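So this block is work16.cif, mmCIF, C-alpha atoms and all ligand atoms:
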```
data_data
loop_
_atom_site.label_atom_id
_atom_site.label_comp_id
_atom_site.auth_asym_id
_atom_site.auth_seq_id
_atom_site.Cartn_x
_atom_site.Cartn_y
_atom_site.Cartn_z
CA MET S 1 55.69 -127.59 4.69
CA VAL S 2 54.45 -124.01 4.64
CA ASN S 3 56.76 -121.38 3.19
CA ARG S 4 58.15 -118.66 5.41
CA LYS S 5 55.41 -116.20 4.47
CA GLY S 6 52.63 -118.77 4.62
CA TRP S 7 51.26 -118.42 1.07
CA SER S 8 52.03 -119.49 -2.46
CA TYR S 9 51.01 -117.85 -5.74
CA THR S 10 51.18 -119.91 -8.92
CA LEU S 11 51.07 -118.25 -12.32
CA ALA S 12 51.11 -119.84 -15.79
CA ILE S 13 52.96 -117.97 -18.53
CA ALA S 14 50.99 -119.07 -21.57
CA ASN S 15 50.13 -118.29 -25.16
CA PRO S 16 49.49 -121.02 -27.76
CA LYS S 17 51.36 -118.91 -30.29
CA GLY S 18 55.04 -119.80 -30.52
CA GLY S 19 57.96 -117.46 -30.01
CA VAL S 20 56.09 -114.62 -28.28
CA GLY S 21 58.36 -114.52 -25.22
CA LYS S 22 56.82 -116.97 -22.72
CA THR S 23 60.15 -118.44 -21.68
CA THR S 24 61.99 -115.09 -21.62
CA THR S 25 59.20 -113.60 -19.49
CA THR S 26 59.16 -116.56 -17.08
CA ILE S 27 62.91 -116.43 -16.44
CA ASN S 28 63.18 -112.66 -16.06
CA LEU S 29 59.95 -112.08 -14.15
CA GLY S 30 61.13 -114.88 -11.85
CA ALA S 31 64.51 -113.18 -11.43
CA ALA S 32 62.74 -109.86 -10.69
CA LEU S 33 60.57 -111.47 -7.99
CA ALA S 34 63.64 -113.17 -6.53
CA GLU S 35 65.45 -109.82 -6.45
CA LYS S 36 62.61 -108.64 -4.19
CA GLN S 37 63.66 -111.37 -1.74
CA HIS S 38 60.82 -113.75 -2.63
CA ARG S 39 61.30 -117.51 -2.82
CA VAL S 40 60.62 -118.28 -6.48
CA LEU S 41 60.26 -121.59 -8.33
CA LEU S 42 60.29 -121.65 -12.14
CA ILE S 43 58.73 -124.76 -13.66
CA ASP S 44 59.55 -125.79 -17.22
CA PHE S 45 56.62 -127.82 -18.56
CA ASP S 46 57.51 -127.35 -22.21
CA PRO S 47 58.96 -130.47 -23.89
CA GLN S 48 61.32 -128.13 -25.79
CA GLY S 49 63.08 -127.44 -22.47
CA HIS S 50 63.91 -123.86 -23.41
CA LEU S 51 63.56 -122.49 -19.88
CA THR S 52 65.81 -125.28 -18.61
CA ALA S 53 68.44 -124.38 -21.23
CA GLY S 54 67.98 -120.66 -20.58
CA CYS S 55 68.81 -121.30 -16.92
CA GLY S 56 71.97 -123.18 -17.82
CA LEU S 57 70.51 -126.63 -16.99
CA LYS S 58 70.52 -128.35 -20.39
CA GLY S 59 72.39 -131.28 -18.81
CA LEU S 60 69.37 -132.10 -16.63
CA TYR S 61 67.06 -132.05 -19.68
CA LEU S 62 69.17 -134.83 -21.20
CA ARG S 63 69.91 -136.89 -18.07
CA SER S 64 68.82 -140.50 -18.40
CA ASP S 65 68.03 -140.84 -14.67
CA PHE S 66 65.50 -137.98 -14.68
CA PRO S 67 62.38 -139.54 -16.25
CA LEU S 68 60.13 -136.56 -15.49
CA ALA S 69 57.23 -137.92 -17.58
CA ASP S 70 57.09 -141.09 -15.46
CA LEU S 71 57.49 -139.12 -12.22
CA VAL S 72 54.54 -136.86 -13.12
CA LEU S 73 52.42 -139.88 -14.11
CA ARG S 74 53.24 -141.63 -10.82
CA GLY S 75 52.89 -138.42 -8.79
CA ASP S 76 56.35 -139.10 -7.36
CA THR S 77 56.88 -135.68 -5.81
CA ASP S 78 59.84 -136.74 -3.65
CA GLN S 79 61.87 -137.68 -6.73
CA ILE S 80 60.78 -134.53 -8.58
CA LYS S 81 61.82 -132.40 -5.59
CA ALA S 82 65.29 -133.92 -5.79
CA PHE S 83 65.75 -132.31 -9.21
CA ILE S 84 64.69 -128.80 -8.19
CA THR S 85 67.88 -126.82 -8.71
CA PRO S 86 69.01 -123.43 -7.35
CA VAL S 87 69.94 -121.00 -10.13
CA GLU S 88 71.09 -117.43 -9.42
CA ASN S 89 68.69 -116.45 -6.58
CA PHE S 90 65.72 -118.64 -7.56
CA TRP S 91 64.92 -122.34 -8.12
CA VAL S 92 64.11 -124.29 -11.26
CA MET S 93 62.15 -127.48 -11.79
CA PRO S 94 63.72 -128.45 -15.11
CA ALA S 95 61.99 -130.02 -18.07
CA HIS S 96 63.21 -133.35 -19.40
CA MET S 97 63.17 -134.79 -22.90
CA SER S 98 60.70 -137.45 -21.69
CA LEU S 99 58.01 -134.73 -21.67
CA ILE S 100 57.90 -135.21 -25.45
CA ARG S 101 56.02 -138.49 -24.90
CA LEU S 102 54.02 -137.30 -21.89
CA GLU S 103 51.30 -135.76 -24.06
CA ASP S 104 50.39 -139.16 -25.56
CA GLU S 105 50.56 -140.83 -22.14
CA LEU S 106 48.40 -138.27 -20.34
CA VAL S 107 45.54 -138.40 -22.85
CA VAL S 108 44.91 -142.07 -22.05
CA GLN S 109 44.94 -141.48 -18.28
CA ARG S 110 41.82 -140.73 -16.29
CA ALA S 111 41.90 -136.98 -15.52
CA GLY S 112 45.38 -136.84 -17.05
CA GLU S 113 45.22 -133.06 -17.29
CA THR S 114 45.11 -132.79 -13.46
CA ARG S 115 48.35 -134.75 -12.80
CA LEU S 116 50.60 -131.68 -12.84
CA LYS S 117 48.25 -129.85 -10.45
CA LYS S 118 48.56 -132.74 -7.96
CA VAL S 119 52.35 -132.71 -8.25
CA LEU S 120 52.52 -128.95 -7.74
CA GLU S 121 50.28 -129.02 -4.70
CA ALA S 122 53.07 -131.00 -3.03
CA LEU S 123 55.85 -128.70 -4.28
CA ASN S 124 54.58 -125.16 -4.23
CA ALA S 125 54.20 -124.80 -0.46
CA ASP S 126 57.96 -124.29 -0.24
CA PHE S 127 57.80 -121.24 -2.50
CA GLU S 128 56.06 -117.87 -2.53
CA PHE S 129 55.84 -117.67 -6.32
CA CYS S 130 55.69 -120.55 -8.82
CA LEU S 131 55.85 -119.51 -12.48
CA ILE S 132 55.10 -122.24 -15.04
CA ASP S 133 56.40 -121.92 -18.59
CA SER S 134 53.79 -123.41 -20.91
CA PRO S 135 54.38 -125.05 -24.31
CA PRO S 136 53.19 -123.20 -27.44
CA ALA S 137 50.19 -125.46 -27.98
CA VAL S 138 46.56 -126.18 -27.28
CA ASN S 139 47.01 -129.69 -25.90
CA ILE S 140 46.88 -131.67 -22.66
CA LEU S 141 50.28 -130.35 -21.51
CA ALA S 142 49.16 -126.74 -21.95
CA ASP S 143 45.81 -127.57 -20.28
CA SER S 144 47.74 -129.12 -17.38
CA VAL S 145 49.61 -125.86 -16.88
CA LEU S 146 46.41 -123.77 -16.96
CA LEU S 147 44.68 -126.07 -14.47
CA ALA S 148 47.70 -126.26 -12.15
CA ALA S 149 48.09 -122.47 -11.98
CA GLY S 150 44.53 -121.17 -12.30
CA ARG S 151 46.00 -117.78 -13.18
CA VAL S 152 47.59 -116.82 -16.46
CA LEU S 153 49.96 -114.12 -17.64
CA VAL S 154 49.96 -113.87 -21.44
CA PRO S 155 52.95 -112.39 -23.25
CA VAL S 156 51.99 -111.12 -26.71
CA GLN S 157 54.27 -110.06 -29.47
CA ALA S 158 53.38 -106.72 -30.96
CA GLU S 159 52.62 -108.08 -34.42
CA ASP S 160 49.53 -108.52 -36.55
CA THR S 161 48.81 -112.19 -35.74
CA SER S 162 48.99 -111.75 -31.96
CA ILE S 163 45.24 -111.54 -31.48
CA ARG S 164 44.81 -115.12 -32.81
CA GLY S 165 46.91 -116.60 -30.01
CA ILE S 166 44.89 -114.77 -27.36
CA GLU S 167 41.61 -115.87 -28.93
CA ALA S 168 42.76 -119.51 -28.99
CA LEU S 169 43.82 -119.28 -25.33
CA GLU S 170 40.52 -117.68 -24.31
CA ALA S 171 38.57 -120.42 -26.13
CA GLU S 172 40.59 -123.16 -24.41
CA ILE S 173 40.11 -121.58 -20.98
CA GLN S 174 36.37 -121.31 -21.61
CA GLU S 175 36.23 -125.01 -22.55
CA LEU S 176 38.13 -126.01 -19.39
CA LYS S 177 35.67 -123.93 -17.38
CA ASP S 178 32.65 -125.46 -19.12
CA VAL S 179 33.78 -129.08 -19.13
CA LEU S 180 35.80 -129.33 -15.91
CA ASP S 181 34.28 -126.46 -13.94
CA ALA S 182 37.83 -125.11 -13.68
CA ASN S 183 38.66 -121.78 -12.12
CA ILE S 184 41.10 -120.03 -14.46
CA GLU S 185 41.60 -116.32 -15.00
CA ILE S 186 43.81 -114.28 -17.30
CA VAL S 187 45.57 -111.93 -14.91
CA ALA S 188 47.50 -109.88 -17.44
CA ILE S 189 48.42 -109.54 -21.09
CA VAL S 190 51.94 -108.19 -21.50
CA PRO S 191 53.20 -106.83 -24.84
CA ASN S 192 56.71 -108.12 -25.60
CA MET S 193 59.36 -107.29 -28.21
CA VAL S 194 57.81 -103.86 -28.58
CA THR S 195 59.64 -101.48 -30.92
CA SER S 196 59.02 -97.87 -31.80
CA ASN S 197 57.79 -98.74 -35.28
CA SER S 198 54.28 -98.13 -36.53
CA VAL S 199 53.35 -101.85 -36.59
CA SER S 200 53.97 -102.14 -32.83
CA GLU S 201 51.94 -99.04 -32.13
CA ARG S 202 49.07 -100.09 -34.37
CA VAL S 203 48.94 -103.62 -32.90
CA LEU S 204 48.92 -102.28 -29.34
CA GLY S 205 46.06 -100.01 -30.39
CA ASP S 206 44.22 -102.99 -31.95
CA LEU S 207 44.71 -105.06 -28.78
CA ARG S 208 43.27 -102.24 -26.69
CA GLY S 209 40.36 -101.87 -29.09
CA ASN S 210 39.65 -105.60 -28.93
CA GLN S 211 38.26 -105.28 -25.42
CA LEU S 212 40.85 -107.69 -24.07
CA GLY S 213 40.24 -106.07 -20.73
CA GLN S 214 37.17 -108.30 -20.42
CA THR S 215 39.36 -111.30 -19.67
CA GLY S 216 42.67 -109.87 -18.59
CA ARG S 217 44.29 -106.53 -18.05
CA LEU S 218 46.34 -105.37 -21.03
CA LEU S 219 49.48 -104.04 -19.40
CA THR S 220 50.82 -101.63 -21.97
CA GLU S 221 52.44 -99.71 -19.13
CA TYR S 222 54.67 -102.72 -18.36
CA GLN S 223 55.52 -103.63 -21.95
CA ILE S 224 58.90 -105.24 -22.64
CA ARG S 225 60.86 -103.67 -25.44
CA LYS S 226 62.86 -105.61 -28.00
CA ARG S 227 66.39 -105.95 -26.63
CA ILE S 228 69.01 -108.18 -28.20
CA ASP S 229 70.59 -108.73 -24.76
CA LEU S 230 67.49 -110.70 -23.72
CA ALA S 231 68.19 -113.22 -26.49
CA LYS S 232 71.91 -113.25 -25.67
CA ALA S 233 71.19 -113.84 -21.96
CA TRP S 234 69.11 -116.92 -22.86
CA HIS S 235 71.99 -118.29 -24.94
CA GLU S 236 74.33 -117.79 -21.98
CA GLY S 237 71.90 -119.60 -19.66
CA LYS S 238 71.37 -116.49 -17.51
CA SER S 239 68.65 -114.05 -16.54
CA ILE S 240 69.10 -110.52 -17.87
CA PHE S 241 69.77 -109.43 -14.27
CA ASN S 242 72.84 -111.62 -14.28
CA TYR S 243 73.85 -111.19 -17.93
CA ASN S 244 73.67 -107.40 -18.18
CA PRO S 245 72.58 -105.54 -15.02
CA ARG S 246 72.52 -102.29 -17.02
CA CYS S 247 69.98 -103.46 -19.63
CA ASP S 248 66.89 -101.21 -19.48
CA ALA S 249 64.57 -104.24 -19.82
CA ILE S 250 65.35 -104.95 -16.15
CA GLU S 251 63.26 -101.96 -15.07
CA SER S 252 60.27 -103.35 -17.04
CA TYR S 253 60.59 -106.74 -15.35
CA ARG S 254 60.83 -105.04 -11.96
CA LYS S 255 57.61 -103.14 -12.65
CA LEU S 256 55.93 -106.33 -13.84
CA ALA S 257 57.08 -108.06 -10.64
CA ASP S 258 55.53 -105.21 -8.61
CA PHE S 259 52.25 -105.79 -10.45
CA VAL S 260 52.38 -109.55 -9.77
CA CYS S 261 53.13 -108.91 -6.08
CA GLN S 262 50.18 -106.54 -5.95
CA VAL S 263 47.68 -108.97 -7.54
CA SER S 264 49.01 -111.87 -5.47
CA SER S 265 48.17 -110.08 -2.26
CA SER S 266 44.76 -108.70 -3.31
N1 LIG S 301 61.90 -108.57 -25.55
C1 LIG S 301 62.69 -109.31 -26.34
N2 LIG S 301 63.66 -108.72 -27.08
C2 LIG S 301 64.45 -109.44 -27.89
N3 LIG S 301 64.37 -110.78 -28.04
C3 LIG S 301 63.42 -111.42 -27.35
C4 LIG S 301 62.53 -110.74 -26.45
N4 LIG S 301 61.69 -111.65 -25.91
C5 LIG S 301 62.04 -112.84 -26.43
N5 LIG S 301 63.07 -112.71 -27.30
C6 LIG S 301 63.70 -113.77 -28.12
O1 LIG S 301 62.69 -114.25 -29.00
C7 LIG S 301 62.78 -115.66 -29.12
C8 LIG S 301 61.47 -116.29 -28.61
O2 LIG S 301 61.35 -115.98 -27.22
P1 LIG S 301 60.88 -117.11 -26.19
O3 LIG S 301 61.66 -118.36 -26.37
O4 LIG S 301 60.89 -116.49 -24.84
O5 LIG S 301 59.40 -117.29 -26.70
P2 LIG S 301 58.38 -118.47 -26.32
O6 LIG S 301 57.01 -117.90 -26.43
O7 LIG S 301 58.76 -119.08 -25.05
O8 LIG S 301 58.67 -119.49 -27.49
P3 LIG S 301 58.02 -120.98 -27.62
O9 LIG S 301 56.63 -120.75 -28.03
O10 LIG S 301 58.87 -121.66 -28.65
O11 LIG S 301 58.13 -121.60 -26.27
C9 LIG S 301 64.00 -116.09 -28.32
O12 LIG S 301 65.11 -116.13 -29.19
C10 LIG S 301 64.17 -114.96 -27.30
O13 LIG S 301 65.51 -114.82 -26.89
MG MG S 302 59.10 -121.09 -24.60
#
```

Would you encode the structure as structure tokens?
Ligand SMILES: Nc1ncnc2c1ncn2[C@@H]1O[C@H](COP(=O)(O)OP(=O)(O)OP(=O)(O)O)[C@@H](O)[C@H]1O
Ligand SMILES: [Mg+2]
Amino acid sequence: MVNRKGWSYTLAIANPKGGVGKTTTTINLGAALAEKQHRVLLIDFDPQGHLTAGCGLKGLYLRSDFPLADLVLRGDTDQIKAFITPVENFWVMPAHMSLIRLEDELVVQRAGETRLKKVLEALNADFEFCLIDSPPAVNILADSVLLAAGRVLVPVQAEDTSIRGIEALEAEIQELKDVLDANIEIVAIVPNMVTSNSVSERVLGDLRGNQLGQTGRLLTEYQIRKRIDLAKAWHEGKSIFNYNPRCDAIESYRKLADFVCQVSSS
């Protein structure tokens, strides 16, 4: 089935470093794209299931009759489709606790890292934007996400160690290109949890100076500031658009959504 606009744009939200804002970015960028009347699917491929919980779907993560790991291994897209759930004005393919064992099972499969890509090819035609929340790792699950999307948005926290995560991601992408001839590009690097303090400003300066523009555009103009309501919204299982429509972070996500719309059509 072809979606109503006839195209689909899949984007991984990835950074091997933990806690930088991958899940928060996925949910709220997704909500911003949905606000622009796009059909949006958020895919939680992190065994932690934080996106699933942050969309109020923790029950699905725990359900015994949703063996997502087995469904991905079998390529059972019909069953997976049955668990795609409408949330607010977008859709979510939830994670399931069985993903915890999927890493071990994929590594012994032939071309295990391409299983998710195959599954998504059967799902994404129904949606204009598919955003995949990646686990904080350099492993076969994270590789699966990179290969399935082919395009990556990298949230970075404005702190001193942030450059390490980007370097690890760049090295992994290069290896996937070299070994599997994969086509993967970093579309954007988005500073998150930015504050007005001197550390934030210095780190953003360092990131600029590190020539990150070679692999992806550093979007300091769309940076997301540190806002406690973003953490509270996650706890409530809501996007910030739904939790606090007056939060100023919404404007940043809208601008980021404009950028994604622009690159998706170029
Ligand atoms: N801009 C922000 N302002 C305030 N809190 C934020 C912001 N972005 C994320 N957080 C909070 O920081 C924590 C980590 O964010 P998040 O879970 O999105 O990161 P992550 O990269 O997905 O983590 P993991 O690597 O574990 O998957 C969460 O408690 C989240 O609510
Ligand atoms: Mg996360």

If you count all atoms listed in the file, which residues fall within 10 Å of S:Leu42, apart from same-chain ones fewer than 2 positions away, as a compact mmCIF listing (two decimals) with C-alpha atoms, keeping the file's coordinate frame?
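File produced: selection.txt:
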```
# COMPACT_ATOMS: atom_id res chain seq x y z
CA THR S 10 51.18 -119.91 -8.92
CA LEU S 11 51.07 -118.25 -12.32
CA THR S 26 59.16 -116.56 -17.08
CA ILE S 27 62.91 -116.43 -16.44
CA LEU S 29 59.95 -112.08 -14.15
CA GLY S 30 61.13 -114.88 -11.85
CA ALA S 31 64.51 -113.18 -11.43
CA VAL S 40 60.62 -118.28 -6.48
CA ASP S 44 59.55 -125.79 -17.22
CA PHE S 45 56.62 -127.82 -18.56
CA LEU S 51 63.56 -122.49 -19.88
CA THR S 52 65.81 -125.28 -18.61
CA CYS S 55 68.81 -121.30 -16.92
CA ILE S 84 64.69 -128.80 -8.19
CA THR S 85 67.88 -126.82 -8.71
CA VAL S 87 69.94 -121.00 -10.13
CA PHE S 90 65.72 -118.64 -7.56
CA TRP S 91 64.92 -122.34 -8.12
CA VAL S 92 64.11 -124.29 -11.26
CA MET S 93 62.15 -127.48 -11.79
CA PRO S 94 63.72 -128.45 -15.11
CA PHE S 127 57.80 -121.24 -2.50
CA PHE S 129 55.84 -117.67 -6.32
CA CYS S 130 55.69 -120.55 -8.82
CA LEU S 131 55.85 -119.51 -12.48
CA ILE S 132 55.10 -122.24 -15.04
CA ASP S 133 56.40 -121.92 -18.59
```

- Item | ligand LIG 301 (chain S) neighbours within 10 Å using all atoms listed in the file, as a PyMOL selection string | chain S and resi 13-28+46-51+54+133-137+154-157+191-195+223-235+249

- Counting only C-alpha atoms, what is within 10 Å of stretch 103-118 of chain S, bar same-chain residues fewer than 3 positions away, as a ChimeraX atom specification? /S:45,47,69-70,72-75,77,98-100,121-123,139-150,180

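Once stretch 181-183 of chain S and its same-chain neighbours fewer than 4 positions away are set aside, S:Leu147, S:Gly150, S:Arg151, S:Ile173, S:Gln174, S:Glu175, S:Leu176, S:Lys177 remain within 9 Å of it when counting all atoms listed in the file.
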
With C-alpha atoms retained, write the just-selected residues as a PDB file, keeping the file's coordinate frame.
```pdb
ATOM      1  CA  LEU S 147      44.680-126.070 -14.470  1.00  0.00           C
ATOM      2  CA  GLY S 150      44.530-121.170 -12.300  1.00  0.00           C
ATOM      3  CA  ARG S 151      46.000-117.780 -13.180  1.00  0.00           C
ATOM      4  CA  ILE S 173      40.110-121.580 -20.980  1.00  0.00           C
ATOM      5  CA  GLN S 174      36.370-121.310 -21.610  1.00  0.00           C
ATOM      6  CA  GLU S 175      36.230-125.010 -22.550  1.00  0.00           C
ATOM      7  CA  LEU S 176      38.130-126.010 -19.390  1.00  0.00           C
ATOM      8  CA  LYS S 177      35.670-123.930 -17.380  1.00  0.00           C
TER       9      LYS S 177
END
```

- Message: Show me, as a PyMOL selection string, the residues that have an atom within 12 Å of S:Ser64 when counting only C-alpha atoms, minus same-chain residues fewer than 4 positions from it.
- Response: chain S and resi 59-60+68-69+96-98

- Item | Length of the atom CA of S:Leu169 to atom CA of S:Leu218 vector [Å] | 14.8 Å

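Closest approach to ligand MG 302 (chain S) among S:Ile43, S:Ala32, S:Ile250, S:Val152: S:Ile43, based on only C-alpha atoms and all ligand atoms.
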
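The coordinates place atom CA of S:Asp258 at 19.3 Å from atom CA of S:Asn242.
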
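Restricting the calculation to all atoms listed in the file, the smallest distance between ligand MG 302 (chain S) and any of S:Leu256, S:Val263, S:Ala12, S:Leu207 is found for S:Ala12.
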
Size and centre in Å, one decimal, axis-aligned box, all listed stretch 109-117 of chain S atoms plus 4 Å per side, as lines of an AutoDock Vina configuration file:
```
center_x = 46.2
center_y = -135.7
center_z = -14.4
size_x = 16.8
size_y = 19.6
size_z = 15.8
```

- Message: Just to confirm, what's the straight-line distance from atom CA of S:Ala53 to atom CA of S:Ala95 in Å (one decimal)?
- Response: 9.1 Å

- Item | Nearest candidate to S:Thr161 (options S:Ser200, S:Ser265, S:Ser239, S:Asn244; using all atoms listed in the file) | S:Ser200

As a compact mmCIF listing (two decimals), in the frame of the given file, could you write out stretch 235-255 of chain S once it has been completed with N, CA, C and O atoms?
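That gives us result_7.txt:
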```txt
# COMPACT_ATOMS: atom_id res chain seq x y z
N HIS S 235 70.92 -117.43 -24.39
CA HIS S 235 71.99 -118.29 -24.94
C HIS S 235 73.08 -118.57 -23.91
O HIS S 235 73.69 -119.64 -23.91
N GLU S 236 73.30 -117.62 -23.02
CA GLU S 236 74.33 -117.79 -21.98
C GLU S 236 73.80 -118.56 -20.78
O GLU S 236 74.52 -118.81 -19.82
N GLY S 237 72.48 -118.88 -20.79
CA GLY S 237 71.90 -119.60 -19.66
C GLY S 237 71.74 -118.74 -18.42
O GLY S 237 71.85 -119.22 -17.29
N LYS S 238 71.47 -117.42 -18.64
CA LYS S 238 71.37 -116.49 -17.51
C LYS S 238 70.12 -115.63 -17.62
O LYS S 238 69.62 -115.40 -18.73
N SER S 239 69.68 -115.09 -16.48
CA SER S 239 68.65 -114.05 -16.54
C SER S 239 69.33 -112.77 -17.01
O SER S 239 70.56 -112.64 -16.93
N ILE S 240 68.52 -111.81 -17.44
CA ILE S 240 69.10 -110.52 -17.87
C ILE S 240 69.73 -109.80 -16.68
O ILE S 240 70.70 -109.06 -16.84
N PHE S 241 69.22 -110.06 -15.48
CA PHE S 241 69.77 -109.43 -14.27
C PHE S 241 71.22 -109.85 -14.08
O PHE S 241 72.05 -109.07 -13.61
N ASN S 242 71.50 -111.08 -14.44
CA ASN S 242 72.84 -111.62 -14.28
C ASN S 242 73.70 -111.33 -15.51
O ASN S 242 74.89 -111.04 -15.39
N TYR S 243 73.09 -111.35 -16.68
CA TYR S 243 73.85 -111.19 -17.93
C TYR S 243 74.28 -109.75 -18.16
O TYR S 243 75.43 -109.48 -18.49
N ASN S 244 73.33 -108.82 -17.99
CA ASN S 244 73.67 -107.40 -18.18
C ASN S 244 72.84 -106.54 -17.22
O ASN S 244 71.75 -106.10 -17.59
N PRO S 245 73.36 -106.30 -16.02
CA PRO S 245 72.58 -105.54 -15.02
C PRO S 245 72.23 -104.14 -15.47
O PRO S 245 71.40 -103.49 -14.84
N ARG S 246 72.83 -103.66 -16.57
CA ARG S 246 72.52 -102.29 -17.02
C ARG S 246 71.46 -102.27 -18.12
O ARG S 246 71.05 -101.20 -18.58
N CYS S 247 70.98 -103.43 -18.55
CA CYS S 247 69.98 -103.46 -19.63
C CYS S 247 68.67 -102.81 -19.14
O CYS S 247 68.18 -103.11 -18.04
N ASP S 248 68.09 -101.94 -19.95
CA ASP S 248 66.89 -101.21 -19.48
C ASP S 248 65.65 -102.11 -19.38
O ASP S 248 64.66 -101.71 -18.77
N ALA S 249 65.70 -103.32 -19.96
CA ALA S 249 64.57 -104.24 -19.82
C ALA S 249 64.36 -104.64 -18.35
O ALA S 249 63.25 -105.00 -17.93
N ILE S 250 65.44 -104.56 -17.57
CA ILE S 250 65.35 -104.95 -16.15
C ILE S 250 64.29 -104.12 -15.43
O ILE S 250 63.50 -104.65 -14.63
N GLU S 251 64.24 -102.83 -15.73
CA GLU S 251 63.26 -101.96 -15.07
C GLU S 251 61.83 -102.42 -15.40
O GLU S 251 60.94 -102.41 -14.54
N SER S 252 61.61 -102.86 -16.65
CA SER S 252 60.27 -103.35 -17.04
C SER S 252 59.91 -104.61 -16.26
O SER S 252 58.77 -104.77 -15.81
N TYR S 253 60.88 -105.51 -16.11
CA TYR S 253 60.59 -106.74 -15.35
C TYR S 253 60.36 -106.42 -13.87
O TYR S 253 59.53 -107.06 -13.22
N ARG S 254 61.08 -105.43 -13.36
CA ARG S 254 60.83 -105.04 -11.96
C ARG S 254 59.41 -104.51 -11.79
O ARG S 254 58.73 -104.84 -10.82
N LYS S 255 58.97 -103.69 -12.73
CA LYS S 255 57.61 -103.14 -12.65
C LYS S 255 56.57 -104.26 -12.77
O LYS S 255 55.56 -104.27 -12.07
```
